[in-house]
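Engineer: What follows is final.txt, made up of compact mmCIF, C-alpha atoms:
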# COMPACT_ATOMS: atom_id res chain seq x y z
CA MET A 174 101.31 138.27 103.98
CA ASN A 175 102.54 135.69 101.54
CA GLU A 176 102.40 138.09 98.60
CA ASP A 177 105.78 136.86 97.37
CA ILE A 178 104.33 133.35 97.01
CA LYS A 179 101.05 134.58 95.54
CA SER A 180 102.86 136.62 92.88
CA LYS A 181 104.61 133.46 91.63
CA ILE A 182 101.34 131.60 90.98
CA ARG A 183 100.18 132.03 87.37
CA THR A 184 96.52 132.48 86.50
CA ILE A 185 95.24 130.84 83.32
CA PRO A 186 91.79 132.08 82.29
CA ASN A 187 89.18 129.65 80.91
CA TRP A 188 90.98 126.43 81.86
CA PRO A 189 90.00 123.59 82.07
CA LYS A 190 86.75 125.22 80.89
CA LYS A 191 85.28 128.60 80.03
CA GLY A 192 84.77 130.89 83.00
CA VAL A 193 87.32 129.20 85.29
CA MET A 194 90.41 131.11 86.41
CA PHE A 195 92.92 128.30 86.90
CA ARG A 196 95.59 128.94 89.53
CA ASP A 197 98.73 127.29 88.19
CA ILE A 198 101.30 126.44 90.86
CA THR A 199 103.92 125.14 88.39
CA THR A 200 105.41 128.64 88.10
CA LEU A 201 105.83 128.68 91.89
CA LEU A 202 107.38 125.19 91.92
CA LYS A 203 110.03 125.88 89.32
CA ASP A 204 111.19 128.94 91.26
CA GLU A 205 113.66 127.53 93.79
CA LYS A 206 113.08 130.24 96.36
CA GLY A 207 109.31 130.19 95.86
CA PHE A 208 109.16 126.43 96.27
CA ARG A 209 111.34 126.40 99.38
CA ASP A 210 109.55 129.34 101.02
CA THR A 211 106.18 127.68 100.42
CA CYS A 212 107.24 124.43 102.06
CA GLN A 213 109.06 126.22 104.87
CA ARG A 214 106.02 128.33 105.79
CA LEU A 215 103.76 125.29 105.87
CA TYR A 216 106.37 123.58 108.04
CA GLU A 217 106.50 126.52 110.46
CA HIS A 218 102.75 126.28 110.94
CA TYR A 219 102.77 122.56 111.76
CA LYS A 220 106.14 121.87 113.35
CA ASP A 221 104.84 121.86 116.94
CA ARG A 222 101.57 120.04 116.21
CA GLN A 223 102.89 116.53 116.94
CA ILE A 224 102.24 115.14 113.49
CA ASP A 225 102.87 111.38 113.17
CA ILE A 226 102.53 111.10 109.40
CA VAL A 227 101.72 113.25 106.37
CA ALA A 228 99.20 112.21 103.70
CA GLY A 229 98.96 113.89 100.28
CA ILE A 230 96.18 113.73 97.71
CA GLU A 231 97.01 112.69 94.12
CA SER A 232 98.71 114.24 92.36
CA ARG A 233 99.65 117.84 93.20
CA GLY A 234 99.17 117.01 96.87
CA PHE A 235 102.09 114.60 96.49
CA ILE A 236 104.36 117.54 95.66
CA PHE A 237 103.77 119.63 98.77
CA GLY A 238 102.95 116.66 101.01
CA THR A 239 106.26 114.98 100.32
CA ALA A 240 108.24 118.15 100.87
CA LEU A 241 106.41 118.77 104.13
CA ALA A 242 106.97 115.19 105.31
CA MET A 243 110.70 115.65 104.64
CA LEU A 244 110.82 118.87 106.66
CA LEU A 245 108.77 117.37 109.51
CA LYS A 246 110.96 114.23 109.39
CA LYS A 247 107.90 112.01 109.00
CA GLY A 248 106.71 109.33 106.60
CA PHE A 249 104.40 110.01 103.66
CA VAL A 250 101.14 108.31 102.65
CA PRO A 251 99.67 108.74 99.15
CA ILE A 252 95.88 109.04 98.79
CA ARG A 253 95.11 108.00 95.21
CA LYS A 254 92.37 107.87 92.65
CA LYS A 255 90.55 104.55 92.44
CA GLY A 256 92.41 101.50 91.22
CA LYS A 257 95.93 102.87 91.58
CA LEU A 258 97.01 101.37 94.89
CA PRO A 259 98.16 97.74 94.73
CA ALA A 260 97.43 96.41 98.24
CA GLU A 261 94.21 96.27 100.25
CA THR A 262 92.51 99.68 100.32
CA VAL A 263 89.83 101.67 102.12
CA SER A 264 87.84 103.89 99.79
CA GLN A 265 85.57 106.92 99.99
CA GLU A 266 83.20 108.35 97.41
CA TYR A 267 82.67 112.07 96.90
CA GLU A 268 80.51 114.21 94.67
CA LEU A 269 81.78 115.99 91.60
CA GLU A 270 79.93 118.69 89.69
CA TYR A 271 78.44 115.89 87.58
CA GLY A 272 78.61 112.39 89.06
CA ILE A 273 80.73 110.84 91.78
CA ASP A 274 84.36 109.84 92.15
CA ARG A 275 86.33 107.80 94.65
CA ILE A 276 89.69 108.06 96.41
CA GLU A 277 91.58 105.31 98.19
CA ILE A 278 94.23 104.72 100.82
CA HIS A 279 96.10 101.56 101.76
CA LYS A 280 94.37 99.95 104.72
CA ASP A 281 97.69 99.54 106.57
CA ALA A 282 98.95 103.06 105.82
CA ILE A 283 97.65 104.63 109.02
CA LYS A 284 98.01 103.18 112.51
CA GLN A 285 95.24 103.45 115.10
CA GLY A 286 95.57 106.85 116.79
CA ASP A 287 98.03 108.31 114.26
CA ARG A 288 97.94 112.11 114.13
CA VAL A 289 97.73 112.83 110.40
CA LEU A 290 98.39 116.02 108.45
CA LEU A 291 96.53 116.11 105.12
CA VAL A 292 98.01 118.15 102.28
CA ASP A 293 96.73 119.31 98.90
CA ASP A 294 97.68 122.19 96.65
CA LEU A 295 94.32 123.96 96.42
CA LEU A 296 91.05 124.19 98.36
CA ALA A 297 88.10 124.76 96.04
CA THR A 298 84.76 123.17 97.02
CA GLY A 299 86.48 120.86 99.51
CA GLY A 300 84.92 117.60 98.31
CA THR A 301 88.15 115.69 97.82
CA MET A 302 89.67 116.86 101.11
CA LYS A 303 86.49 115.97 103.00
CA ALA A 304 86.67 112.45 101.54
CA ALA A 305 90.35 112.28 102.51
CA CYS A 306 89.45 113.19 106.12
CA GLN A 307 86.86 110.40 106.13
CA LEU A 308 89.45 107.94 104.83
CA ILE A 309 91.90 108.80 107.61
CA GLU A 310 89.16 108.36 110.21
CA LYS A 311 88.03 105.03 108.71
CA CYS A 312 91.63 103.86 109.24
CA GLY A 313 91.56 104.97 112.90
CA GLY A 314 93.67 108.09 112.45
CA LYS A 315 93.02 111.63 113.69
CA VAL A 316 93.13 114.53 111.21
CA VAL A 317 95.31 117.19 112.85
CA GLY A 318 95.06 119.61 109.94
CA CYS A 319 94.17 120.18 106.29
CA ALA A 320 96.98 122.16 104.66
CA PHE A 321 96.65 123.97 101.34
CA VAL A 322 98.91 126.32 99.46
CA VAL A 323 95.95 128.09 97.84
CA GLU A 324 92.35 128.60 98.95
CA LEU A 325 89.48 129.94 96.82
CA PRO A 326 87.19 131.27 99.56
CA ASP A 327 84.30 132.01 97.18
CA LEU A 328 83.80 128.27 96.67
CA HIS A 329 83.14 127.74 100.41
CA GLY A 330 85.38 124.70 100.89
CA ARG A 331 85.84 125.64 104.54
CA GLU A 332 82.15 125.04 105.19
CA LYS A 333 82.41 121.50 103.89
CA LEU A 334 85.47 121.00 106.14
CA LYS A 335 83.76 122.39 109.25
CA GLY A 336 85.26 120.86 112.39
CA TYR A 337 88.67 120.43 110.80
CA ASP A 338 91.64 122.76 111.16
CA VAL A 339 92.07 124.33 107.70
CA PHE A 340 95.16 126.36 106.79
CA ASN A 341 96.33 128.12 103.61
CA LEU A 342 99.18 130.39 102.58
CA VAL A 343 97.40 132.27 99.80
CA GLU A 344 93.82 133.16 98.83
CA PHE A 345 92.37 134.20 95.49
CA GLU A 346 88.98 135.88 95.62
CA GLY A 347 86.48 136.39 92.84
CA ASP A 348 86.61 132.78 91.55
CA MET B 199 124.26 98.00 99.61
CA ASN B 200 120.87 99.59 100.13
CA GLU B 201 119.42 96.43 101.62
CA ASP B 202 117.70 98.45 104.34
CA ILE B 203 115.77 100.36 101.69
CA LYS B 204 115.08 97.25 99.60
CA SER B 205 113.66 95.41 102.60
CA LYS B 206 111.05 98.17 103.08
CA ILE B 207 109.64 97.81 99.55
CA ARG B 208 106.68 95.44 99.45
CA THR B 209 106.17 92.99 96.59
CA ILE B 210 102.60 92.35 95.44
CA PRO B 211 102.31 89.34 93.13
CA ASN B 212 100.00 89.43 90.09
CA TRP B 213 99.32 93.17 90.14
CA PRO B 214 98.19 94.99 88.03
CA LYS B 215 97.93 91.73 86.07
CA LYS B 216 98.78 88.05 86.38
CA GLY B 217 102.49 87.28 86.27
CA VAL B 218 103.69 90.74 87.33
CA MET B 219 105.52 91.18 90.64
CA PHE B 220 104.61 94.74 91.58
CA ARG B 221 107.21 96.59 93.67
CA ASP B 222 105.20 98.78 96.03
CA ILE B 223 107.14 101.76 97.40
CA THR B 224 104.31 102.96 99.67
CA THR B 225 105.68 100.81 102.51
CA LEU B 226 109.03 102.57 102.12
CA LEU B 227 107.41 106.02 102.02
CA LYS B 228 105.40 105.63 105.18
CA ASP B 229 108.53 104.60 107.09
CA GLU B 230 110.07 107.91 108.17
CA LYS B 231 113.63 106.58 108.25
CA GLY B 232 113.21 104.66 105.01
CA PHE B 233 111.81 107.69 103.22
CA ARG B 234 114.52 110.03 104.47
CA ASP B 235 117.36 107.59 103.78
CA THR B 236 116.10 107.07 100.23
CA CYS B 237 116.00 110.79 99.48
CA GLN B 238 119.31 111.42 101.24
CA ARG B 239 121.15 108.75 99.23
CA LEU B 240 119.82 110.07 95.95
CA TYR B 241 120.91 113.53 97.10
CA GLU B 242 124.43 112.33 97.94
CA HIS B 243 124.79 110.96 94.41
CA TYR B 244 123.78 114.21 92.71
CA LYS B 245 124.82 116.99 95.08
CA ASP B 246 128.00 117.88 93.17
CA ARG B 247 126.55 117.50 89.68
CA GLN B 248 125.55 121.13 89.20
CA ILE B 249 121.85 120.48 88.77
CA ASP B 250 119.80 123.57 87.83
CA ILE B 251 116.35 122.04 88.19
CA VAL B 252 114.67 118.72 89.01
CA ALA B 253 111.85 117.23 86.90
CA GLY B 254 109.62 114.38 88.10
CA ILE B 255 107.31 112.13 86.11
CA GLU B 256 103.64 111.84 87.17
CA SER B 257 102.78 110.69 89.68
CA ARG B 258 105.20 108.67 91.83
CA GLY B 259 108.07 110.62 90.30
CA PHE B 260 106.57 113.71 91.95
CA ILE B 261 107.19 112.13 95.35
CA PHE B 262 110.92 111.52 95.07
CA GLY B 263 111.52 114.38 92.63
CA THR B 264 110.08 116.95 95.00
CA ALA B 265 112.02 115.64 97.97
CA LEU B 266 115.21 115.67 95.93
CA ALA B 267 114.58 119.21 94.69
CA MET B 268 114.15 120.30 98.32
CA LEU B 269 117.45 118.72 99.35
CA LEU B 270 119.29 120.12 96.31
CA LYS B 271 117.68 123.54 96.97
CA LYS B 272 116.34 123.67 93.41
CA GLY B 273 112.98 124.19 91.74
CA PHE B 274 110.73 121.35 90.58
CA VAL B 275 109.08 120.74 87.21
CA PRO B 276 106.22 118.24 86.81
CA ILE B 277 106.09 116.11 83.65
CA ARG B 278 102.46 115.06 83.29
CA LYS B 279 100.16 112.81 81.33
CA LYS B 280 98.43 114.47 78.40
CA GLY B 281 95.90 117.20 79.01
CA LYS B 282 96.82 117.92 82.63
CA LEU B 283 99.05 120.98 82.27
CA PRO B 284 97.19 124.27 81.80
CA ALA B 285 99.68 126.42 79.87
CA GLU B 286 101.43 125.87 76.52
CA THR B 287 103.12 122.46 76.45
CA VAL B 288 105.66 120.41 74.53
CA SER B 289 104.66 116.76 74.19
CA GLN B 290 106.29 113.44 73.40
CA GLU B 291 104.69 110.13 72.45
CA TYR B 292 105.98 106.78 73.65
CA GLU B 293 105.03 103.18 73.10
CA LEU B 294 103.12 101.11 75.60
CA GLU B 295 102.72 97.35 75.50
CA TYR B 296 99.57 97.95 73.46
CA GLY B 297 99.25 101.35 71.83
CA ILE B 298 100.89 104.69 72.49
CA ASP B 299 100.72 107.33 75.20
CA ARG B 300 101.97 110.88 75.56
CA ILE B 301 103.59 112.98 78.27
CA GLU B 302 103.87 116.75 78.42
CA ILE B 303 105.88 119.54 79.98
CA HIS B 304 105.21 123.26 80.11
CA LYS B 305 107.10 124.95 77.29
CA ASP B 306 108.50 127.59 79.66
CA ALA B 307 109.46 125.13 82.41
CA ILE B 308 113.05 124.63 81.26
CA LYS B 309 115.44 127.40 80.22
CA GLN B 310 117.89 126.97 77.35
CA GLY B 311 120.97 125.19 78.71
CA ASP B 312 119.39 124.14 82.03
CA ARG B 313 121.05 121.08 83.57
CA VAL B 314 118.10 118.87 84.46
CA LEU B 315 117.84 115.89 86.79
CA LEU B 316 114.96 113.54 85.87
CA VAL B 317 113.39 111.45 88.63
CA ASP B 318 110.97 108.53 88.68
CA ASP B 319 110.32 105.79 91.19
CA LEU B 320 110.99 102.75 89.02
CA LEU B 321 112.85 101.86 85.83
CA ALA B 322 111.10 99.06 83.93
CA THR B 323 111.26 99.16 80.11
CA GLY B 324 112.35 102.80 80.14
CA GLY B 325 109.78 104.10 77.65
CA THR B 326 108.44 106.90 79.81
CA MET B 327 111.86 108.09 80.95
CA LYS B 328 113.17 108.07 77.37
CA ALA B 329 110.22 110.28 76.36
CA ALA B 330 110.96 112.55 79.35
CA CYS B 331 114.59 112.93 78.18
CA GLN B 332 113.33 113.89 74.72
CA LEU B 333 110.99 116.48 76.26
CA ILE B 334 113.83 118.12 78.20
CA GLU B 335 115.95 118.27 75.04
CA LYS B 336 113.08 119.70 72.98
CA CYS B 337 112.95 122.52 75.55
CA GLY B 338 116.71 123.15 75.20
CA GLY B 339 117.74 121.51 78.48
CA LYS B 340 120.50 118.97 79.12
CA VAL B 341 119.66 115.73 80.93
CA VAL B 342 122.32 115.37 83.63
CA GLY B 343 120.89 112.14 85.03
CA CYS B 344 117.94 109.76 85.25
CA ALA B 345 117.38 108.84 88.90
CA PHE B 346 115.30 105.90 90.06
CA VAL B 347 114.70 104.33 93.44
CA VAL B 348 114.14 100.88 91.89
CA GLU B 349 115.41 99.27 88.69
CA LEU B 350 114.18 96.01 87.16
CA PRO B 351 117.26 95.03 85.11
CA ASP B 352 115.52 92.10 83.37
CA LEU B 353 113.34 94.58 81.47
CA HIS B 354 116.42 96.24 79.88
CA GLY B 355 115.37 99.86 80.49
CA ARG B 356 119.04 100.89 80.53
CA GLU B 357 119.39 99.90 76.87
CA LYS B 358 116.58 102.23 75.92
CA LEU B 359 118.29 104.99 77.94
CA LYS B 360 121.72 104.43 76.36
CA GLY B 361 123.76 107.62 76.38
CA TYR B 362 122.11 108.89 79.57
CA ASP B 363 123.47 108.61 83.08
CA VAL B 364 121.15 106.14 84.84
CA PHE B 365 121.25 105.62 88.61
CA ASN B 366 119.26 103.47 91.03
CA LEU B 367 119.36 102.60 94.72
CA VAL B 368 117.80 99.13 94.53
CA GLU B 369 117.41 96.38 91.93
CA PHE B 370 114.96 93.49 91.78
CA GLU B 371 115.91 90.65 89.45
CA GLY B 372 113.72 87.90 88.06
CA ASP B 373 110.90 90.23 86.96
How does this structure look as structure tokens?
Structural biologist:
Amino acid sequence: MNEDIKSKIRTIPNWPKKGVMFRDITTLLKDEKGFRDTCQRLYEHYKDRQIDIVAGIESRGFIFGTALAMLLKKGFVPIRKKGKLPAETVSQEYELEYGIDRIEIHKDAIKQGDRVLLVDDLLATGGTMKAACQLIEKCGGKVVGCAFVVELPDLHGREKLKGYDVFNLVEFEGD
Amino acid sequence: MNEDIKSKIRTIPNWPKKGVMFRDITTLLKDEKGFRDTCQRLYEHYKDRQIDIVAGIESRGFIFGTALAMLLKKGFVPIRKKGKLPAETVSQEYELEYGIDRIEIHKDAIKQGDRVLLVDDLLATGGTMKAACQLIEKCGGKVVGCAFVVELPDLHGREKLKGYDVFNLVEFEGD
């Protein structure tokens, strides 16, 4: 359906490590029509969902999250890696392949009852997005949707995000 | 002139270290009018400058750079910290207070002769933006402008960027 968008995403084999097929969205971004169409199609999906604010996950989630916030005429909230946000934060740990990591949000970024759209570029195992959902809820917000440009269904991220509304434009199988 | 925008930027004293007044743009971003007005005023300044592509510096430069690319109807190129971009890169070192760092761009991101608008959130000493200008030129592009939301004139970033067209919306003195 979004084959035009999919065809503009470059695949880089064995990056960042052997055996991984990395889906590189920079070739989509630099294409003015590809970039606009991507943002416009995400917008079309969410425009009637009564979003109060858009949150994006560092750092490629900033790219599509910001563009989507602009189109929806809403504000934007950055969710960042630990230690990057200067004011009081709420944080959430999540598991990596080896070890744990943590993401943070400003405590005053979300108002009680805010309907929040979460955005990232790619859904793999879903660990970061799940932590982002937990952050929004800790702040008193409601996660209206988890938007991705790309999903890798073989990594079962949707299972980890069960109960949330997950949407993508493009899927790559066999990863 | 842009007092409405300036008033939405929060100042956090002694962050990330004692003696620094950190200008926090997250309070501007989450304000839907503030965010839109900021992007719109940057757009007004550049709309007739025949920009071919917009490049933003990781990671807050992604936020305003993407929004500006959307408004200008152009593609977006991320300039990233070392080791983050998956394909062949061009890199440039720059000096930090202690030591050196490096930023990178995909070698095929800019076409020969492209008129490039560079975007970051804040101009302090100008080291990163100067390195970004060098990257664009190494790729054969022409830097049409260096756009910032905030400038800290006391840190003399403009001197380091001499010869480039530098623009800001808001200045904070006494830093």
Engineer: Please produce chain A as an mmCIF file with C-alpha atoms, keeping the file's coordinate frame once it has been superposed on chain B, the fit using all Cα atoms paired in sequence order.
Structural biologist:
data_model
loop_
_atom_site.group_PDB
_atom_site.id
_atom_site.type_symbol
_atom_site.label_atom_id
_atom_site.label_comp_id
_atom_site.auth_asym_id
_atom_site.auth_seq_id
_atom_site.Cartn_x
_atom_site.Cartn_y
_atom_site.Cartn_z
ATOM 1 C CA MET A 174 124.258 98.036 99.608
ATOM 2 C CA ASN A 175 120.880 99.600 100.125
ATOM 3 C CA GLU A 176 119.403 96.435 101.618
ATOM 4 C CA ASP A 177 117.699 98.457 104.348
ATOM 5 C CA ILE A 178 115.759 100.364 101.673
ATOM 6 C CA LYS A 179 115.075 97.258 99.594
ATOM 7 C CA SER A 180 113.654 95.402 102.602
ATOM 8 C CA LYS A 181 111.051 98.158 103.088
ATOM 9 C CA ILE A 182 109.648 97.808 99.555
ATOM 10 C CA ARG A 183 106.672 95.421 99.461
ATOM 11 C CA THR A 184 106.159 92.996 96.595
ATOM 12 C CA ILE A 185 102.598 92.346 95.440
ATOM 13 C CA PRO A 186 102.310 89.337 93.124
ATOM 14 C CA ASN A 187 99.988 89.434 90.087
ATOM 15 C CA TRP A 188 99.301 93.180 90.134
ATOM 16 C CA PRO A 189 98.172 95.023 88.036
ATOM 17 C CA LYS A 190 97.931 91.741 86.090
ATOM 18 C CA LYS A 191 98.768 88.062 86.384
ATOM 19 C CA GLY A 192 102.470 87.282 86.272
ATOM 20 C CA VAL A 193 103.673 90.748 87.342
ATOM 21 C CA MET A 194 105.517 91.172 90.639
ATOM 22 C CA PHE A 195 104.606 94.738 91.581
ATOM 23 C CA ARG A 196 107.196 96.587 93.661
ATOM 24 C CA ASP A 197 105.201 98.779 96.026
ATOM 25 C CA ILE A 198 107.132 101.758 97.386
ATOM 26 C CA THR A 199 104.308 102.962 99.673
ATOM 27 C CA THR A 200 105.668 100.810 102.515
ATOM 28 C CA LEU A 201 109.032 102.560 102.113
ATOM 29 C CA LEU A 202 107.408 106.016 102.017
ATOM 30 C CA LYS A 203 105.399 105.629 105.191
ATOM 31 C CA ASP A 204 108.529 104.598 107.092
ATOM 32 C CA GLU A 205 110.076 107.909 108.159
ATOM 33 C CA LYS A 206 113.621 106.602 108.244
ATOM 34 C CA GLY A 207 113.203 104.671 104.994
ATOM 35 C CA PHE A 208 111.811 107.701 103.203
ATOM 36 C CA ARG A 209 114.519 110.044 104.470
ATOM 37 C CA ASP A 210 117.365 107.603 103.775
ATOM 38 C CA THR A 211 116.101 107.071 100.226
ATOM 39 C CA CYS A 212 116.020 110.784 99.462
ATOM 40 C CA GLN A 213 119.317 111.415 101.234
ATOM 41 C CA ARG A 214 121.154 108.736 99.237
ATOM 42 C CA LEU A 215 119.833 110.082 95.951
ATOM 43 C CA TYR A 216 120.920 113.541 97.091
ATOM 44 C CA GLU A 217 124.431 112.324 97.931
ATOM 45 C CA HIS A 218 124.791 110.960 94.416
ATOM 46 C CA TYR A 219 123.778 114.210 92.706
ATOM 47 C CA LYS A 220 124.818 116.987 95.066
ATOM 48 C CA ASP A 221 128.004 117.889 93.164
ATOM 49 C CA ARG A 222 126.550 117.474 89.664
ATOM 50 C CA GLN A 223 125.538 121.130 89.211
ATOM 51 C CA ILE A 224 121.847 120.466 88.774
ATOM 52 C CA ASP A 225 119.800 123.555 87.825
ATOM 53 C CA ILE A 226 116.340 122.038 88.193
ATOM 54 C CA VAL A 227 114.676 118.717 89.008
ATOM 55 C CA ALA A 228 111.862 117.233 86.901
ATOM 56 C CA GLY A 229 109.626 114.382 88.105
ATOM 57 C CA ILE A 230 107.314 112.133 86.116
ATOM 58 C CA GLU A 231 103.644 111.829 87.163
ATOM 59 C CA SER A 232 102.791 110.679 89.681
ATOM 60 C CA ARG A 233 105.204 108.665 91.842
ATOM 61 C CA GLY A 234 108.066 110.623 90.306
ATOM 62 C CA PHE A 235 106.568 113.705 91.959
ATOM 63 C CA ILE A 236 107.179 112.128 95.368
ATOM 64 C CA PHE A 237 110.912 111.526 95.073
ATOM 65 C CA GLY A 238 111.515 114.393 92.639
ATOM 66 C CA THR A 239 110.079 116.959 95.006
ATOM 67 C CA ALA A 240 112.021 115.645 97.968
ATOM 68 C CA LEU A 241 115.216 115.671 95.930
ATOM 69 C CA ALA A 242 114.579 119.215 94.681
ATOM 70 C CA MET A 243 114.155 120.319 98.311
ATOM 71 C CA LEU A 244 117.444 118.712 99.343
ATOM 72 C CA LEU A 245 119.288 120.115 96.309
ATOM 73 C CA LYS A 246 117.688 123.533 96.957
ATOM 74 C CA LYS A 247 116.344 123.670 93.404
ATOM 75 C CA GLY A 248 112.985 124.198 91.732
ATOM 76 C CA PHE A 249 110.733 121.359 90.587
ATOM 77 C CA VAL A 250 109.087 120.738 87.204
ATOM 78 C CA PRO A 251 106.212 118.252 86.814
ATOM 79 C CA ILE A 252 106.082 116.097 83.664
ATOM 80 C CA ARG A 253 102.441 115.050 83.294
ATOM 81 C CA LYS A 254 100.151 112.801 81.351
ATOM 82 C CA LYS A 255 98.437 114.449 78.397
ATOM 83 C CA GLY A 256 95.910 117.183 79.020
ATOM 84 C CA LYS A 257 96.824 117.911 82.630
ATOM 85 C CA LEU A 258 99.036 120.969 82.267
ATOM 86 C CA PRO A 259 97.184 124.267 81.799
ATOM 87 C CA ALA A 260 99.675 126.430 79.866
ATOM 88 C CA GLU A 261 101.427 125.875 76.542
ATOM 89 C CA THR A 262 103.104 122.454 76.450
ATOM 90 C CA VAL A 263 105.659 120.405 74.538
ATOM 91 C CA SER A 264 104.661 116.772 74.193
ATOM 92 C CA GLN A 265 106.282 113.435 73.412
ATOM 93 C CA GLU A 266 104.699 110.134 72.452
ATOM 94 C CA TYR A 267 105.993 106.776 73.646
ATOM 95 C CA GLU A 268 105.048 103.167 73.096
ATOM 96 C CA LEU A 269 103.150 101.089 75.603
ATOM 97 C CA GLU A 270 102.746 97.323 75.495
ATOM 98 C CA TYR A 271 99.591 97.925 73.447
ATOM 99 C CA GLY A 272 99.262 101.350 71.825
ATOM 100 C CA ILE A 273 100.916 104.686 72.484
ATOM 101 C CA ASP A 274 100.730 107.315 75.197
ATOM 102 C CA ARG A 275 101.963 110.870 75.565
ATOM 103 C CA ILE A 276 103.598 112.974 78.277
ATOM 104 C CA GLU A 277 103.863 116.743 78.427
ATOM 105 C CA ILE A 278 105.879 119.541 79.975
ATOM 106 C CA HIS A 279 105.210 123.269 80.110
ATOM 107 C CA LYS A 280 107.096 124.953 77.291
ATOM 108 C CA ASP A 281 108.499 127.598 79.669
ATOM 109 C CA ALA A 282 109.464 125.131 82.411
ATOM 110 C CA ILE A 283 113.043 124.639 81.252
ATOM 111 C CA LYS A 284 115.447 127.396 80.236
ATOM 112 C CA GLN A 285 117.897 126.976 77.360
ATOM 113 C CA GLY A 286 120.976 125.188 78.722
ATOM 114 C CA ASP A 287 119.390 124.142 82.035
ATOM 115 C CA ARG A 288 121.052 121.085 83.571
ATOM 116 C CA VAL A 289 118.093 118.866 84.464
ATOM 117 C CA LEU A 290 117.851 115.874 86.789
ATOM 118 C CA LEU A 291 114.973 113.542 85.876
ATOM 119 C CA VAL A 292 113.396 111.456 88.630
ATOM 120 C CA ASP A 293 110.966 108.541 88.688
ATOM 121 C CA ASP A 294 110.311 105.800 91.201
ATOM 122 C CA LEU A 295 110.977 102.755 89.019
ATOM 123 C CA LEU A 296 112.840 101.860 85.820
ATOM 124 C CA ALA A 297 111.093 99.067 83.934
ATOM 125 C CA THR A 298 111.258 99.156 80.112
ATOM 126 C CA GLY A 299 112.359 102.800 80.147
ATOM 127 C CA GLY A 300 109.795 104.109 77.654
ATOM 128 C CA THR A 301 108.428 106.901 79.813
ATOM 129 C CA MET A 302 111.864 108.075 80.961
ATOM 130 C CA LYS A 303 113.160 108.074 77.383
ATOM 131 C CA ALA A 304 110.222 110.289 76.374
ATOM 132 C CA ALA A 305 110.954 112.546 79.354
ATOM 133 C CA CYS A 306 114.582 112.927 78.187
ATOM 134 C CA GLN A 307 113.320 113.895 74.728
ATOM 135 C CA LEU A 308 110.989 116.477 76.260
ATOM 136 C CA ILE A 309 113.817 118.115 78.206
ATOM 137 C CA GLU A 310 115.945 118.265 75.058
ATOM 138 C CA LYS A 311 113.077 119.704 72.979
ATOM 139 C CA CYS A 312 112.954 122.518 75.561
ATOM 140 C CA GLY A 313 116.709 123.152 75.201
ATOM 141 C CA GLY A 314 117.742 121.519 78.465
ATOM 142 C CA LYS A 315 120.500 118.977 79.113
ATOM 143 C CA VAL A 316 119.661 115.732 80.940
ATOM 144 C CA VAL A 317 122.326 115.364 83.638
ATOM 145 C CA GLY A 318 120.888 112.145 85.036
ATOM 146 C CA CYS A 319 117.938 109.758 85.248
ATOM 147 C CA ALA A 320 117.387 108.847 88.900
ATOM 148 C CA PHE A 321 115.302 105.894 90.057
ATOM 149 C CA VAL A 322 114.709 104.333 93.430
ATOM 150 C CA VAL A 323 114.141 100.893 91.891
ATOM 151 C CA GLU A 324 115.406 99.279 88.691
ATOM 152 C CA LEU A 325 114.185 96.003 87.158
ATOM 153 C CA PRO A 326 117.258 95.044 85.118
ATOM 154 C CA ASP A 327 115.536 92.122 83.369
ATOM 155 C CA LEU A 328 113.344 94.588 81.469
ATOM 156 C CA HIS A 329 116.411 96.257 79.884
ATOM 157 C CA GLY A 330 115.387 99.872 80.493
ATOM 158 C CA ARG A 331 119.047 100.882 80.532
ATOM 159 C CA GLU A 332 119.388 99.897 76.883
ATOM 160 C CA LYS A 333 116.581 102.232 75.903
ATOM 161 C CA LEU A 334 118.298 104.993 77.931
ATOM 162 C CA LYS A 335 121.719 104.412 76.352
ATOM 163 C CA GLY A 336 123.761 107.618 76.384
ATOM 164 C CA TYR A 337 122.111 108.881 79.550
ATOM 165 C CA ASP A 338 123.481 108.604 83.075
ATOM 166 C CA VAL A 339 121.150 106.134 84.833
ATOM 167 C CA PHE A 340 121.255 105.616 88.604
ATOM 168 C CA ASN A 341 119.251 103.461 91.037
ATOM 169 C CA LEU A 342 119.365 102.594 94.721
ATOM 170 C CA VAL A 343 117.808 99.135 94.513
ATOM 171 C CA GLU A 344 117.412 96.363 91.923
ATOM 172 C CA PHE A 345 114.963 93.479 91.772
ATOM 173 C CA GLU A 346 115.906 90.641 89.450
ATOM 174 C CA GLY A 347 113.718 87.913 88.033
ATOM 175 C CA ASP A 348 110.889 90.246 86.907
#
Engineer: Could you give me, as a Markdown table, a per-residue list for segment 231-344 of chain A showing, wherever an atom lies at most 10 Å from an atom of segment 276-295 of chain B, the closest pair of atoms and their distance in Å to one decimal, using all atoms listed in the file and sorting by chain then residue number from low to high?
Structural biologist:
| residue | atom | partner | partner_atom | distance |
| --- | --- | --- | --- | --- |
| A:Ser232 | CA | B:Arg278 | CA | 9.8 |
| A:Arg233 | CA | B:Pro276 | CA | 9.2 |
| A:Ile236 | CA | B:Pro276 | CA | 9.1 |
Engineer: Residues of chain A near chain B: apply a cut-off of 9 Å, count only C-alpha atoms, and supply the list as an NGL selection string.
Structural biologist: :A and (185 or 188-189 or 195 or 197 or 199-209 or 212 or 226-227 or 231-233 or 235-243 or 246-251 or 257-260 or 279 or 282-283)
Engineer: Could you please determine the separation between atom CA of Tyr219 of chain A and atom CA of Asn341 of chain A in Å, to one decimal place?
Structural biologist: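 Atom CA of Asn341 of chain A lies at a distance of 11.8 Å from atom CA of Tyr219 of chain A.
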Engineer: Kindly indicate which residue among A:Leu215, A:Val322, A:Ile182, A:Leu328 lies nearest to Thr298 of chain A, using all atoms listed in the file for the distances.
Structural biologist: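 For Thr298 of chain A, the nearest of the candidates is A:Leu328.
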